[in-house]
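Below is protein.csv, holding CSV, C-alpha atoms and all ligand atoms.
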```csv
chain,number,residue,atom,x,y,z
A,425,MET,CA,169.5,57.3,39.1
A,426,ASN,CA,166.5,56.9,41.4
A,427,GLU,CA,165.6,60.5,40.5
A,428,GLN,CA,165.4,59.5,36.9
A,429,ILE,CA,163.0,56.6,37.7
A,430,VAL,CA,160.8,58.9,39.7
A,431,GLN,CA,160.6,61.5,36.9
A,432,LEU,CA,159.8,58.8,34.3
A,433,LYS,CA,157.1,57.5,36.5
A,434,GLU,CA,155.6,61.0,36.8
A,435,LYS,CA,155.8,61.6,33.1
A,436,PHE,CA,154.1,58.2,32.5
A,437,GLU,CA,151.3,59.0,34.9
A,438,GLU,CA,150.8,62.5,33.4
A,439,LYS,CA,150.6,61.1,29.8
A,440,LEU,CA,148.3,58.3,30.8
A,441,SER,CA,145.9,60.7,32.6
A,442,LYS,CA,145.4,62.6,29.3
A,443,ILE,CA,144.4,59.6,27.3
A,444,SER,CA,140.7,59.5,26.4
A,445,ILE,CA,140.5,57.0,23.6
A,446,ALA,CA,141.8,53.4,23.6
A,447,SER,CA,143.8,53.7,20.3
A,448,GLU,CA,146.2,56.3,22.0
A,449,LEU,CA,147.1,53.8,24.7
A,450,GLU,CA,149.2,51.7,22.3
A,451,GLU,CA,151.3,54.7,21.5
A,452,ILE,CA,152.1,55.1,25.3
A,453,ARG,CA,152.8,51.4,25.7
A,454,VAL,CA,155.3,51.5,22.9
A,455,SER,CA,156.9,54.8,24.0
A,456,PHE,CA,157.5,53.5,27.6
A,457,LEU,CA,157.5,49.7,27.5
A,458,GLY,CA,158.4,49.0,23.8
A,459,LYS,CA,161.8,47.7,22.7
A,460,ASN,CA,163.1,51.3,22.4
A,461,GLY,CA,160.8,52.7,25.1
A,462,SER,CA,162.0,54.9,28.0
A,463,ILE,CA,161.6,52.3,30.7
A,464,THR,CA,163.3,49.6,28.7
A,465,GLY,CA,166.0,52.2,28.0
A,466,LEU,CA,166.7,52.5,31.8
A,467,LEU,CA,167.4,48.8,32.0
A,468,LYS,CA,169.9,49.1,29.2
A,469,GLN,CA,171.8,51.7,31.4
A,470,MET,CA,172.3,49.1,34.1
A,471,GLY,CA,175.6,47.9,32.6
A,472,LYS,CA,177.2,51.3,33.3
A,473,LEU,CA,176.3,51.2,37.0
A,474,PRO,CA,178.6,50.1,39.8
A,475,ASN,CA,177.8,46.5,40.9
A,476,GLU,CA,176.4,47.5,44.3
A,477,GLU,CA,173.8,49.8,42.7
A,478,LYS,CA,172.7,47.3,40.0
A,479,LYS,CA,170.4,45.2,42.1
A,480,THR,CA,168.4,48.1,43.7
A,481,PHE,CA,168.2,49.9,40.4
A,482,GLY,CA,167.1,46.8,38.5
A,483,GLN,CA,164.4,46.1,41.1
A,484,ALA,CA,163.2,49.8,40.9
A,485,VAL,CA,163.0,49.7,37.1
A,486,ASN,CA,161.1,46.4,37.1
A,487,THR,CA,158.7,47.7,39.7
A,488,LEU,CA,158.1,50.7,37.4
A,489,LYS,CA,157.7,48.4,34.4
A,490,SER,CA,155.0,46.3,36.2
A,491,PHE,CA,153.3,49.4,37.5
A,492,ALA,CA,153.1,50.9,34.0
A,493,ALA,CA,151.8,47.6,32.5
A,494,GLU,CA,149.2,47.4,35.1
A,495,LYS,CA,148.1,51.0,34.7
A,496,ILE,CA,147.8,50.6,31.0
A,497,ALA,CA,145.6,47.4,31.4
A,498,ASP,CA,143.4,49.3,33.9
A,499,LYS,CA,143.1,52.2,31.5
A,500,VAL,CA,142.1,49.8,28.7
A,501,ALA,CA,139.3,48.4,30.8
A,502,GLU,CA,138.2,51.9,31.9
A,503,LEU,CA,138.1,53.2,28.3
A,504,GLN,CA,136.3,50.2,27.0
A,505,LYS,CA,133.6,50.7,29.7
A,506,LEU,CA,133.3,54.4,28.9
A,507,GLU,CA,133.0,53.6,25.2
A,508,LEU,CA,130.2,51.0,25.8
A,509,GLU,CA,128.4,53.5,28.0
A,510,ARG,CA,128.7,56.2,25.2
A,511,GLU,CA,127.4,53.7,22.7
A,512,ILE,CA,124.4,52.8,24.9
A,513,ASN,CA,123.6,56.4,25.6
A,514,SER,CA,123.6,57.3,22.0
A,515,MET,CA,121.0,54.6,21.2
A,516,PRO,CA,117.4,55.6,21.0
A,517,GLU,CA,115.5,54.5,24.1
A,518,PHE,CA,113.6,51.3,23.9
A,519,ASP,CA,111.8,48.9,26.2
A,520,VAL,CA,113.3,45.4,25.8
A,521,ALA,CA,110.2,43.9,27.4
A,522,MET,CA,107.9,45.3,24.8
A,523,PRO,CA,106.6,42.7,22.3
A,524,PRO,CA,107.7,43.4,18.7
A,525,LYS,CA,105.2,45.3,16.6
A,526,LEU,CA,104.0,42.5,14.3
A,527,ASP,CA,100.9,42.4,12.1
A,528,ARG,CA,98.9,40.5,14.7
A,529,GLY,CA,96.2,39.1,12.6
A,530,SER,CA,92.5,39.0,13.6
A,531,TYR,CA,89.9,36.8,15.1
A,532,HIS,CA,87.9,34.7,12.7
A,533,PRO,CA,84.2,36.0,12.5
A,534,ILE,CA,83.0,32.6,13.7
A,535,THR,CA,85.3,32.9,16.8
A,536,LEU,CA,83.9,36.3,17.5
A,537,VAL,CA,80.3,35.0,17.3
A,538,GLN,CA,81.2,32.0,19.4
A,539,ARG,CA,82.7,34.2,22.1
A,540,LYS,CA,79.7,36.4,22.2
A,541,CYS,CA,77.4,33.4,22.6
A,542,GLU,CA,79.6,32.0,25.4
A,543,GLN,CA,79.6,35.3,27.2
A,544,VAL,CA,75.8,35.5,27.0
A,545,PHE,CA,75.3,31.9,28.2
A,546,ARG,CA,77.9,32.2,30.9
A,547,SER,CA,76.1,35.2,32.3
A,548,MET,CA,73.0,33.0,32.6
A,549,GLY,CA,74.9,30.4,34.6
A,550,PHE,CA,75.8,28.0,31.8
A,551,THR,CA,79.2,26.2,31.7
A,552,VAL,CA,81.2,26.1,28.5
A,553,GLU,CA,82.3,22.6,27.6
A,554,ASP,CA,84.9,21.4,25.2
A,555,TYR,CA,84.4,18.1,23.3
A,556,SER,CA,86.3,15.9,20.9
A,557,GLU,CA,85.8,16.1,17.1
A,558,VAL,CA,86.3,12.4,16.7
A,559,VAL,CA,83.5,10.4,18.4
A,560,THR,CA,81.9,7.0,18.5
A,561,ASP,CA,78.7,5.9,16.8
A,562,TYR,CA,77.2,5.6,20.3
A,563,GLU,CA,78.0,9.2,21.2
A,564,CYS,CA,76.8,10.7,17.9
A,565,PHE,CA,73.7,8.5,17.3
A,566,GLU,CA,72.8,5.6,19.6
A,567,SER,CA,72.8,7.6,22.9
A,568,LEU,CA,70.6,10.1,21.1
A,569,ASN,CA,67.8,7.7,20.4
A,570,ILE,CA,69.0,7.1,16.8
A,571,PRO,CA,69.6,3.3,16.6
A,572,LYS,CA,71.5,1.7,13.8
A,573,PHE,CA,69.6,1.9,10.4
A,574,HIS,CA,67.3,4.7,11.7
A,575,PRO,CA,66.4,6.9,8.7
A,576,ALA,CA,67.4,10.1,10.7
A,577,ARG,CA,71.0,9.0,10.1
A,578,ASP,CA,70.6,9.7,6.4
A,579,MET,CA,70.5,13.4,7.1
A,580,GLN,CA,73.9,13.3,8.7
A,581,ASP,CA,76.3,11.3,6.6
A,582,THR,CA,79.7,12.0,7.8
A,583,TYR,CA,83.4,10.9,7.5
A,584,TYR,CA,84.2,7.5,9.1
A,585,LEU,CA,87.6,6.3,10.4
A,586,GLU,CA,88.8,2.7,9.8
A,587,ASN,CA,88.3,2.0,13.5
A,588,GLY,CA,84.6,2.8,13.3
A,589,GLN,CA,84.9,6.2,14.9
A,590,LEU,CA,83.6,9.2,13.0
A,591,LEU,CA,84.0,13.0,12.7
A,592,LYS,CA,81.0,14.3,14.6
A,593,SER,CA,78.1,15.4,12.5
A,594,GLN,CA,76.4,17.3,15.3
A,595,THR,CA,77.5,18.8,18.7
A,596,SER,CA,74.6,16.8,20.1
A,597,ALA,CA,77.3,14.0,20.2
A,598,ALA,CA,78.4,15.5,23.5
A,599,GLN,CA,75.0,15.4,25.2
A,600,ASN,CA,75.4,11.9,26.8
A,601,ALA,CA,78.8,12.7,28.3
A,602,ILE,CA,77.5,16.0,29.7
A,603,TYR,CA,74.5,14.4,31.4
A,604,LYS,CA,76.8,11.8,33.0
A,605,LYS,CA,79.3,14.4,34.1
A,606,TYR,CA,76.7,16.5,35.9
A,607,ARG,CA,74.0,14.1,36.9
A,608,ASP,CA,75.3,13.6,40.5
A,609,GLN,CA,75.3,17.3,41.1
A,610,LEU,CA,71.7,17.4,39.8
A,611,VAL,CA,70.5,14.5,41.8
A,612,ASN,CA,72.5,15.0,45.1
A,613,GLU,CA,72.8,18.8,45.2
A,614,GLY,CA,69.8,19.9,43.2
A,615,LYS,CA,72.0,21.9,40.8
A,616,PRO,CA,70.4,22.2,37.4
A,617,ILE,CA,72.5,21.1,34.4
A,618,ARG,CA,73.2,24.2,32.3
A,619,ALA,CA,75.9,23.7,29.7
A,620,ILE,CA,76.8,24.8,26.2
A,621,PHE,CA,79.3,23.0,24.0
A,622,PRO,CA,80.4,24.8,20.8
A,623,GLY,CA,82.3,22.7,18.3
A,624,ARG,CA,83.2,21.9,14.7
A,625,CYS,CA,80.9,19.5,12.8
A,626,PHE,CA,81.5,17.6,9.6
A,627,ARG,CA,79.0,16.3,7.0
A,628,ASN,CA,79.2,14.6,3.7
A,629,GLU,CA,77.4,17.5,2.1
A,630,SER,CA,77.1,19.2,-1.3
A,631,THR,CA,78.1,22.7,-0.6
A,632,ASP,CA,76.1,25.8,-1.5
A,633,ALA,CA,75.7,29.3,-0.2
A,634,CYS,CA,74.3,28.1,3.2
A,635,HIS,CA,75.8,24.5,3.4
A,636,GLU,CA,79.4,23.6,4.1
A,637,ASN,CA,81.0,20.2,4.8
A,638,THR,CA,82.8,21.6,7.8
A,639,PHE,CA,80.9,24.1,10.0
A,640,PHE,CA,80.3,25.1,13.6
A,641,GLN,CA,77.4,24.4,15.9
A,642,MET,CA,76.8,25.3,19.5
A,643,GLU,CA,74.8,22.9,21.5
A,644,GLY,CA,73.1,23.9,24.7
A,645,VAL,CA,71.2,21.8,27.3
A,646,MET,CA,69.4,22.6,30.5
A,647,VAL,CA,68.0,19.9,32.8
A,648,ASP,CA,66.2,20.4,36.1
A,649,ARG,CA,62.8,19.7,37.7
A,650,ASN,CA,59.9,21.4,35.8
A,651,ILE,CA,61.8,22.7,32.8
A,652,SER,CA,59.3,23.6,30.0
A,653,ILE,CA,59.1,25.0,26.5
A,654,SER,CA,58.7,28.5,27.9
A,655,ASN,CA,62.2,28.2,29.5
A,656,LEU,CA,63.6,27.2,26.1
A,657,ILE,CA,61.9,30.1,24.3
A,658,PHE,CA,63.2,32.6,26.9
A,659,PHE,CA,66.8,31.4,26.5
A,660,MET,CA,66.6,31.4,22.7
A,661,LYS,CA,65.2,34.9,22.6
A,662,THR,CA,67.7,36.3,25.1
A,663,MET,CA,70.6,34.8,23.1
A,664,LEU,CA,69.4,36.2,19.8
A,665,SER,CA,68.7,39.7,21.1
A,666,GLU,CA,72.2,39.8,22.8
A,667,VAL,CA,74.0,38.6,19.7
A,668,PHE,CA,72.2,40.8,17.2
A,669,GLU,CA,71.7,43.8,19.6
A,670,ARG,CA,68.3,44.4,18.0
A,671,ASP,CA,64.9,42.7,17.5
A,672,ILE,CA,65.1,39.8,15.1
A,673,LYS,CA,62.0,38.2,13.5
A,674,VAL,CA,62.0,34.5,14.4
A,675,ARG,CA,59.5,31.7,13.7
A,676,LEU,CA,59.2,28.4,15.5
A,677,ARG,CA,57.8,25.4,13.6
A,678,PRO,CA,57.6,21.7,14.3
A,679,GLY,CA,60.8,19.8,13.5
A,680,PHE,CA,61.7,16.2,13.9
A,681,PHE,CA,64.8,15.0,15.8
A,682,PRO,CA,64.8,11.7,17.5
A,683,PHE,CA,66.4,13.1,20.6
A,684,VAL,CA,63.8,15.7,21.4
A,685,GLU,CA,60.0,15.5,21.9
A,686,PRO,CA,58.5,17.9,21.0
A,687,GLY,CA,61.0,19.2,18.5
A,688,PHE,CA,61.2,22.6,16.8
A,689,GLU,CA,63.0,24.4,14.0
A,690,LEU,CA,63.8,28.0,15.0
A,691,ASP,CA,64.3,30.1,11.9
A,692,ILE,CA,65.3,33.7,11.6
A,693,SER,CA,64.2,36.1,8.9
A,694,CYS,CA,67.1,36.3,6.5
A,695,LEU,CA,69.1,39.4,7.2
A,696,ILE,CA,70.9,39.2,3.9
A,697,CYS,CA,67.8,39.9,1.8
A,698,GLY,CA,65.5,41.2,4.6
A,699,GLY,CA,63.2,38.2,4.1
A,700,GLU,CA,62.7,38.7,0.3
A,701,GLY,CA,64.5,35.5,-0.6
A,702,CYS,CA,68.0,35.0,-1.8
A,703,PRO,CA,70.6,32.2,-2.4
A,704,SER,CA,71.7,32.5,1.3
A,705,CYS,CA,68.3,31.4,2.5
A,706,LYS,CA,67.5,29.1,-0.4
A,707,HIS,CA,65.0,31.8,-1.6
A,708,SER,CA,62.7,31.2,1.3
A,709,GLY,CA,63.3,34.4,3.2
A,710,TRP,CA,64.0,32.3,6.3
A,711,LEU,CA,67.2,30.7,7.6
A,712,GLU,CA,67.2,27.5,9.7
A,713,LEU,CA,69.3,28.5,12.6
A,714,CYS,CA,68.6,26.7,15.8
A,715,PRO,CA,66.7,23.5,16.0
A,716,CYS,CA,65.6,22.7,19.5
A,717,GLY,CA,63.1,20.9,21.7
A,718,MET,CA,62.4,19.1,25.0
A,719,ILE,CA,65.0,16.3,25.6
A,720,HIS,CA,63.5,12.9,24.8
A,721,PRO,CA,63.0,10.7,27.9
A,722,ASN,CA,65.1,7.9,26.4
A,723,VAL,CA,68.0,10.3,26.0
A,724,LEU,CA,67.8,11.4,29.6
A,725,SER,CA,67.6,7.8,30.8
A,726,GLU,CA,70.7,6.9,28.7
A,727,GLY,CA,72.5,9.7,30.4
A,728,GLY,CA,71.6,8.3,33.8
A,729,ILE,CA,68.8,10.9,34.6
A,730,ASP,CA,65.3,9.8,35.7
A,731,PRO,CA,62.9,11.3,33.1
A,732,ASP,CA,60.0,11.0,35.5
A,733,LYS,CA,61.7,13.5,37.8
A,734,TYR,CA,63.6,15.7,35.5
A,735,THR,CA,62.9,17.4,32.2
A,736,GLY,CA,65.1,19.6,30.0
A,737,PHE,CA,65.5,21.4,26.7
A,738,ALA,CA,68.3,21.2,24.1
A,739,PHE,CA,69.2,23.3,21.2
A,740,GLY,CA,71.7,23.0,18.3
A,741,LEU,CA,72.6,26.5,17.1
A,742,GLY,CA,74.2,26.8,13.7
A,743,LEU,CA,77.1,29.1,14.7
A,744,THR,CA,78.4,29.5,11.2
A,745,ARG,CA,75.0,30.6,9.9
A,746,LEU,CA,74.7,32.9,12.9
A,747,ALA,CA,78.0,34.5,11.8
A,748,MET,CA,76.7,34.8,8.3
A,749,MET,CA,73.6,36.7,9.5
A,750,LYS,CA,75.5,38.8,12.1
A,751,TYR,CA,78.1,40.0,9.6
A,752,GLY,CA,76.1,39.9,6.3
A,753,VAL,CA,78.3,37.2,4.7
A,754,LYS,CA,76.3,36.0,1.7
A,755,ASP,CA,78.1,32.8,1.1
A,756,ILE,CA,79.0,30.4,3.9
A,757,ARG,CA,82.0,29.1,1.9
A,758,ASP,CA,83.8,32.4,2.4
A,759,PHE,CA,84.4,31.5,6.0
A,760,ASN,CA,86.7,28.6,5.1
A,761,GLY,CA,88.4,30.5,2.2
A,762,ALA,CA,91.7,32.1,2.9
A,763,ASN,CA,90.9,35.6,1.9
A,764,LEU,CA,92.3,37.6,4.8
A,765,VAL,CA,90.8,40.8,3.5
A,766,ASN,CA,87.4,39.3,3.9
A,767,LEU,CA,88.1,37.6,7.2
A,768,SER,CA,90.0,40.4,9.0
A,769,GLN,CA,87.4,43.1,8.7
A,770,PHE,CA,85.4,42.1,11.8
A,771,THR,CA,88.4,42.3,14.2
A,772,ASP,CA,87.2,45.3,16.2
A,773,ASP,CA,84.0,43.6,17.2
A,774,LYS,CA,85.5,41.6,20.1
A,801,LIG,C1,71.2,19.1,14.3
A,801,LIG,O1,72.4,19.0,14.0
A,801,LIG,C2,70.7,18.8,15.7
A,801,LIG,N1,71.7,18.2,16.4
A,801,LIG,C3,70.3,20.1,16.4
A,801,LIG,C4,69.5,19.9,17.6
A,801,LIG,C5,70.1,19.9,18.8
A,801,LIG,C6,68.1,19.7,17.6
A,801,LIG,C7,69.4,19.8,20.0
A,801,LIG,C8,67.4,19.5,18.7
A,801,LIG,C9,68.0,19.6,19.9
A,801,LIG,P1,70.5,20.2,12.0
A,801,LIG,O2,71.1,19.1,11.2
A,801,LIG,O3,69.3,20.9,11.6
A,801,LIG,O4,70.3,19.7,13.6
A,801,LIG,O5,71.7,21.3,12.2
A,801,LIG,C10,71.5,22.3,13.2
A,801,LIG,C11,71.9,23.6,12.6
A,801,LIG,O6,73.3,23.5,12.1
A,801,LIG,C12,71.2,24.0,11.4
A,801,LIG,O7,70.0,24.7,11.7
A,801,LIG,C13,72.1,24.9,10.7
A,801,LIG,O8,72.1,26.2,11.2
A,801,LIG,C14,73.4,24.3,11.0
A,801,LIG,N2,73.9,23.4,9.9
A,801,LIG,C15,73.5,22.1,9.6
A,801,LIG,N3,74.1,21.6,8.5
A,801,LIG,C16,74.9,22.6,8.1
A,801,LIG,C17,75.8,22.7,7.0
A,801,LIG,N4,76.0,21.7,6.1
A,801,LIG,N5,76.5,23.9,6.8
A,801,LIG,C18,76.3,24.9,7.7
A,801,LIG,N6,75.4,24.9,8.8
A,801,LIG,C19,74.7,23.7,8.9
```
Do you think you could lay out the structure here as C-alpha cells?
Ligand code: FA5
Amino acid sequence: MNEQIVQLKEKFEEKLSKISIASELEEIRVSFLGKNGSITGLLKQMGKLPNEEKKTFGQAVNTLKSFAAEKIADKVAELQKLELEREINSMPEFDVAMPPKLDRGSYHPITLVQRKCEQVFRSMGFTVEDYSEVVTDYECFESLNIPKFHPARDMQDTYYLENGQLLKSQTSAAQNAIYKKYRDQLVNEGKPIRAIFPGRCFRNESTDACHENTFFQMEGVMVDRNISISNLIFFMKTMLSEVFERDIKVRLRPGFFPFVEPGFELDISCLICGGEGCPSCKHSGWLELCPCGMIHPNVLSEGGIDPDKYTGFAFGLGLTRLAMMKYGVKDIRDFNGANLVNLSQFTDDK
C-alpha cells in the first residue's frame, strides 16, 4: 500500500512540475484532491485494510494530501508572480518620476519684462521687495508729501475699501516702508538703500490704447550720501539698454510729483510708430514711461532719514507700457484680455 502512496506522490510532483499557467492548476487539484481524485480515492480504500494497517495508512495519505495542497498553493503564488513579471516586462519602459507631458502654458509678457528688470537691477546691487496691493492713505499719499485735499491726488483716483484703505494707485506707496526697513543699515553700517519694488496698481481711469485701470509699475529708490541726478540718469539708461538690447531714444523733461524735487518725466520714442505718432502714444511720438526725480526732503524725513546728510533718487517705471514697447503690443488692454494666442507668443524670451 505504501508503494501506491509513493507512486502517487511522484506522479503528482511530475504533473505539477509541468504546469506553466495558473488555469491548469485547478485541473490537477481536482484530479488529485477532488471528490473523485486519486488521493481521495486512497482514503476510500481504507475500509478494505486490516485494522492494524489503517492508522499508518491513513496518516500517510493525510500527509500526502497536505503536501499536495501546500504544493498547489506554492505553485499558485509562483505562477502569479511570473505572470506579473511577464506583464511588467511587456509594458513599454517609462519613468514614473517624470512629470506628465502637459501643455504648460507660458509666462505673461509683463512677467517676462518684470523679471528682466529685476535681473538688471539685482546685478547692480538692488534688492527686490514685495508689497501689499491694499494700502493706507498714509502709505499711498501722506507719507509721500501729498496731504489730504492736495490737488495731486486728483491724478490718482483709485478704489477705496469701506475701512478707508485703498488699492494702491502707485508703487511709490511702498517707499516709506522701505526707508524705515533699511534706514538703520544706512545710518549705522553705511550701506546705501538700493531697492526696487514691482507691483500692480489700480486707478479709476477711462481706458484707451495706453491707459488701463489695472497696470504694473516698478518703483526704484537709491539713498546714500551724495546721490545726484547723474546717478539717476546712469541707472535709467542702463536699465533701458539692457531691457531693449539696443539704443533707445529718450527725453527727459520737467515733471511734477510732490515726492520728488526736482522731478522729471522720462519718455521714450514710441517703438510702435517709430516716433511718427499713433494711438499707442496718443499721437505724440513719445510715450511717458518712467517719471523720476530726487527724493523730496520731507519724504526722507518721514522715512526716518536725515535729508541734510542723505540724498536719493526715485523712479516709477510703467512696466505695462515697457512691455508694450518691448513686444510691439499696440493696445495695452490686450494684456488683460484672455487671448492666449496673443499672450503665449513671447514664452521663449525668458
Ligand atoms: C507715478 O505713479 C509716480 N508714482 C511715479 C514716480 C515715482 C515719480 C518715483 C517720481 C518718483 P505716473 O502717474 O506718471 O507716476 O505713473 C508712472 C508711470 O506708470 C507712467 O509713466 C506710465 O508708464 C504708467 N502708468 C500710469 N498710469 C497708467 C495707466 N492708467 N495705465 C498704464 N500705465 C500707466
Could you tell me, counting only C-alpha atoms and all ligand atoms, which protein and nucleic acid residues lie no more than 8 Å from ligand LIG 801 (chain A), written as an NGL selection string? :A and (579-580 or 593-597 or 626-627 or 629-631 or 634-641 or 643-645 or 681 or 683-684 or 687-691 or 711-719 or 737-746 or 756)
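The nearest approach to Arg546 of chain A among the residues A:Arg618, A:Arg624, A:Lys495, A:Arg510, with all atoms listed in the file taken into account, belongs to A:Arg618.
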Taking (81.7, 29.3, 21.9) in the file's coordinates, which residues come within 10 Å, counting all atoms listed in the file, written as a list in words? Ile534, Thr535, Leu536, Val537, Gln538, Arg539, Lys540, Cys541, Glu542, Gln543, Val544, Phe545, Val552, Glu553, Asp554, Ile620, Phe621, Pro622, Gly623, Phe640, Gln641, Met642, Glu643 and Leu743 of chain A
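Of the residues listed (A:Phe550, A:Tyr555, A:Phe668, A:Trp710), A:Phe550 shows the shortest atom-to-atom separation from Met646 of chain A; distances use only C-alpha atoms.
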Rank nothing, just name the residue among A:Glu451, A:Gln609, A:Lys673, A:Glu511 nearest to Gly698 of chain A, using all atoms listed in the file.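 Ranked by minimum distance to Gly698 of chain A, first place goes to A:Lys673.
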If we count only C-alpha atoms and set the cut-off at 10 Å, which residues sit around Ser455 of chain A, ignoring sequence neighbours fewer than 6 positions away in its own chain? Please answer as a VMD selection string. chain A and resid 436 449 461 to 464
How would the residues just chosen look if you wrote them out with C-alpha atoms as an mmCIF file, in the coordinates of the input?
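Ended up saving to result-v5.cif:
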```cif
data_model
loop_
_atom_site.group_PDB
_atom_site.id
_atom_site.type_symbol
_atom_site.label_atom_id
_atom_site.label_comp_id
_atom_site.auth_asym_id
_atom_site.auth_seq_id
_atom_site.Cartn_x
_atom_site.Cartn_y
_atom_site.Cartn_z
ATOM 1 C CA PHE A 436 154.100 58.200 32.500
ATOM 2 C CA LEU A 449 147.100 53.800 24.700
ATOM 3 C CA GLY A 461 160.800 52.700 25.100
ATOM 4 C CA SER A 462 162.000 54.900 28.000
ATOM 5 C CA ILE A 463 161.600 52.300 30.700
ATOM 6 C CA THR A 464 163.300 49.600 28.700
#
```
Using atom CA of Tyr531 of chain A and atom CA of Val753 of chain A as the two end points, give the distance in Å to one decimal.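 Value for the atom CA of Tyr531 of chain A-atom CA of Val753 of chain A distance: 15.6 Å.
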Is it possible to add N, CA and C atoms to segment 522-544 of chain A and hand it back as a PDB file, keeping the file's coordinate frame?
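Output file selection.pdb follows:
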```pdb
ATOM      1  N   MET A 522     109.074  45.039  25.625  1.00  0.00           N
ATOM      2  CA  MET A 522     107.900  45.300  24.800  1.00  0.00           C
ATOM      3  C   MET A 522     107.846  44.263  23.644  1.00  0.00           C
ATOM      4  N   PRO A 523     106.662  43.654  23.376  1.00  0.00           N
ATOM      5  CA  PRO A 523     106.600  42.700  22.300  1.00  0.00           C
ATOM      6  C   PRO A 523     106.827  43.431  20.931  1.00  0.00           C
ATOM      7  N   PRO A 524     107.404  42.736  19.958  1.00  0.00           N
ATOM      8  CA  PRO A 524     107.700  43.400  18.700  1.00  0.00           C
ATOM      9  C   PRO A 524     106.345  43.806  18.016  1.00  0.00           C
ATOM     10  N   LYS A 525     106.431  44.864  17.209  1.00  0.00           N
ATOM     11  CA  LYS A 525     105.200  45.300  16.600  1.00  0.00           C
ATOM     12  C   LYS A 525     104.971  44.489  15.316  1.00  0.00           C
ATOM     13  N   LEU A 526     104.208  43.429  15.479  1.00  0.00           N
ATOM     14  CA  LEU A 526     104.000  42.500  14.300  1.00  0.00           C
ATOM     15  C   LEU A 526     102.539  42.776  13.850  1.00  0.00           C
ATOM     16  N   ASP A 527     102.299  42.347  12.638  1.00  0.00           N
ATOM     17  CA  ASP A 527     100.900  42.400  12.100  1.00  0.00           C
ATOM     18  C   ASP A 527     100.251  41.193  12.865  1.00  0.00           C
ATOM     19  N   ARG A 528      99.349  41.493  13.801  1.00  0.00           N
ATOM     20  CA  ARG A 528      98.900  40.500  14.700  1.00  0.00           C
ATOM     21  C   ARG A 528      97.713  39.640  14.262  1.00  0.00           C
ATOM     22  N   GLY A 529      97.261  39.878  13.042  1.00  0.00           N
ATOM     23  CA  GLY A 529      96.200  39.100  12.600  1.00  0.00           C
ATOM     24  C   GLY A 529      94.848  39.455  13.245  1.00  0.00           C
ATOM     25  N   SER A 530      93.835  38.653  13.039  1.00  0.00           N
ATOM     26  CA  SER A 530      92.500  39.000  13.600  1.00  0.00           C
ATOM     27  C   SER A 530      91.758  37.759  13.925  1.00  0.00           C
ATOM     28  N   TYR A 531      90.744  37.927  14.741  1.00  0.00           N
ATOM     29  CA  TYR A 531      89.900  36.800  15.100  1.00  0.00           C
ATOM     30  C   TYR A 531      88.995  36.455  13.887  1.00  0.00           C
ATOM     31  N   HIS A 532      88.775  35.164  13.697  1.00  0.00           N
ATOM     32  CA  HIS A 532      87.900  34.700  12.700  1.00  0.00           C
ATOM     33  C   HIS A 532      86.442  35.124  13.074  1.00  0.00           C
ATOM     34  N   PRO A 533      85.596  35.541  12.124  1.00  0.00           N
ATOM     35  CA  PRO A 533      84.200  36.000  12.500  1.00  0.00           C
ATOM     36  C   PRO A 533      83.470  34.893  13.285  1.00  0.00           C
ATOM     37  N   ILE A 534      83.734  33.618  12.987  1.00  0.00           N
ATOM     38  CA  ILE A 534      83.000  32.600  13.700  1.00  0.00           C
ATOM     39  C   ILE A 534      83.476  32.561  15.197  1.00  0.00           C
ATOM     40  N   THR A 535      84.776  32.792  15.400  1.00  0.00           N
ATOM     41  CA  THR A 535      85.300  32.900  16.800  1.00  0.00           C
ATOM     42  C   THR A 535      84.630  34.034  17.517  1.00  0.00           C
ATOM     43  N   LEU A 536      84.477  35.154  16.814  1.00  0.00           N
ATOM     44  CA  LEU A 536      83.900  36.300  17.500  1.00  0.00           C
ATOM     45  C   LEU A 536      82.431  36.010  17.905  1.00  0.00           C
ATOM     46  N   VAL A 537      81.669  35.370  17.012  1.00  0.00           N
ATOM     47  CA  VAL A 537      80.300  35.000  17.300  1.00  0.00           C
ATOM     48  C   VAL A 537      80.229  33.999  18.455  1.00  0.00           C
ATOM     49  N   GLN A 538      81.128  33.036  18.373  1.00  0.00           N
ATOM     50  CA  GLN A 538      81.200  32.000  19.400  1.00  0.00           C
ATOM     51  C   GLN A 538      81.425  32.615  20.785  1.00  0.00           C
ATOM     52  N   ARG A 539      82.406  33.521  20.817  1.00  0.00           N
ATOM     53  CA  ARG A 539      82.700  34.200  22.100  1.00  0.00           C
ATOM     54  C   ARG A 539      81.569  34.966  22.647  1.00  0.00           C
ATOM     55  N   LYS A 540      80.875  35.635  21.738  1.00  0.00           N
ATOM     56  CA  LYS A 540      79.700  36.400  22.200  1.00  0.00           C
ATOM     57  C   LYS A 540      78.671  35.500  22.798  1.00  0.00           C
ATOM     58  N   CYS A 541      78.398  34.380  22.114  1.00  0.00           N
ATOM     59  CA  CYS A 541      77.400  33.400  22.600  1.00  0.00           C
ATOM     60  C   CYS A 541      77.842  32.881  23.988  1.00  0.00           C
ATOM     61  N   GLU A 542      79.122  32.547  24.082  1.00  0.00           N
ATOM     62  CA  GLU A 542      79.600  32.000  25.400  1.00  0.00           C
ATOM     63  C   GLU A 542      79.427  33.019  26.481  1.00  0.00           C
ATOM     64  N   GLN A 543      79.714  34.279  26.147  1.00  0.00           N
ATOM     65  CA  GLN A 543      79.600  35.300  27.200  1.00  0.00           C
ATOM     66  C   GLN A 543      78.116  35.441  27.620  1.00  0.00           C
ATOM     67  N   VAL A 544      77.199  35.386  26.643  1.00  0.00           N
ATOM     68  CA  VAL A 544      75.800  35.500  27.000  1.00  0.00           C
ATOM     69  C   VAL A 544      75.345  34.341  27.871  1.00  0.00           C
TER      70      VAL A 544
END
```
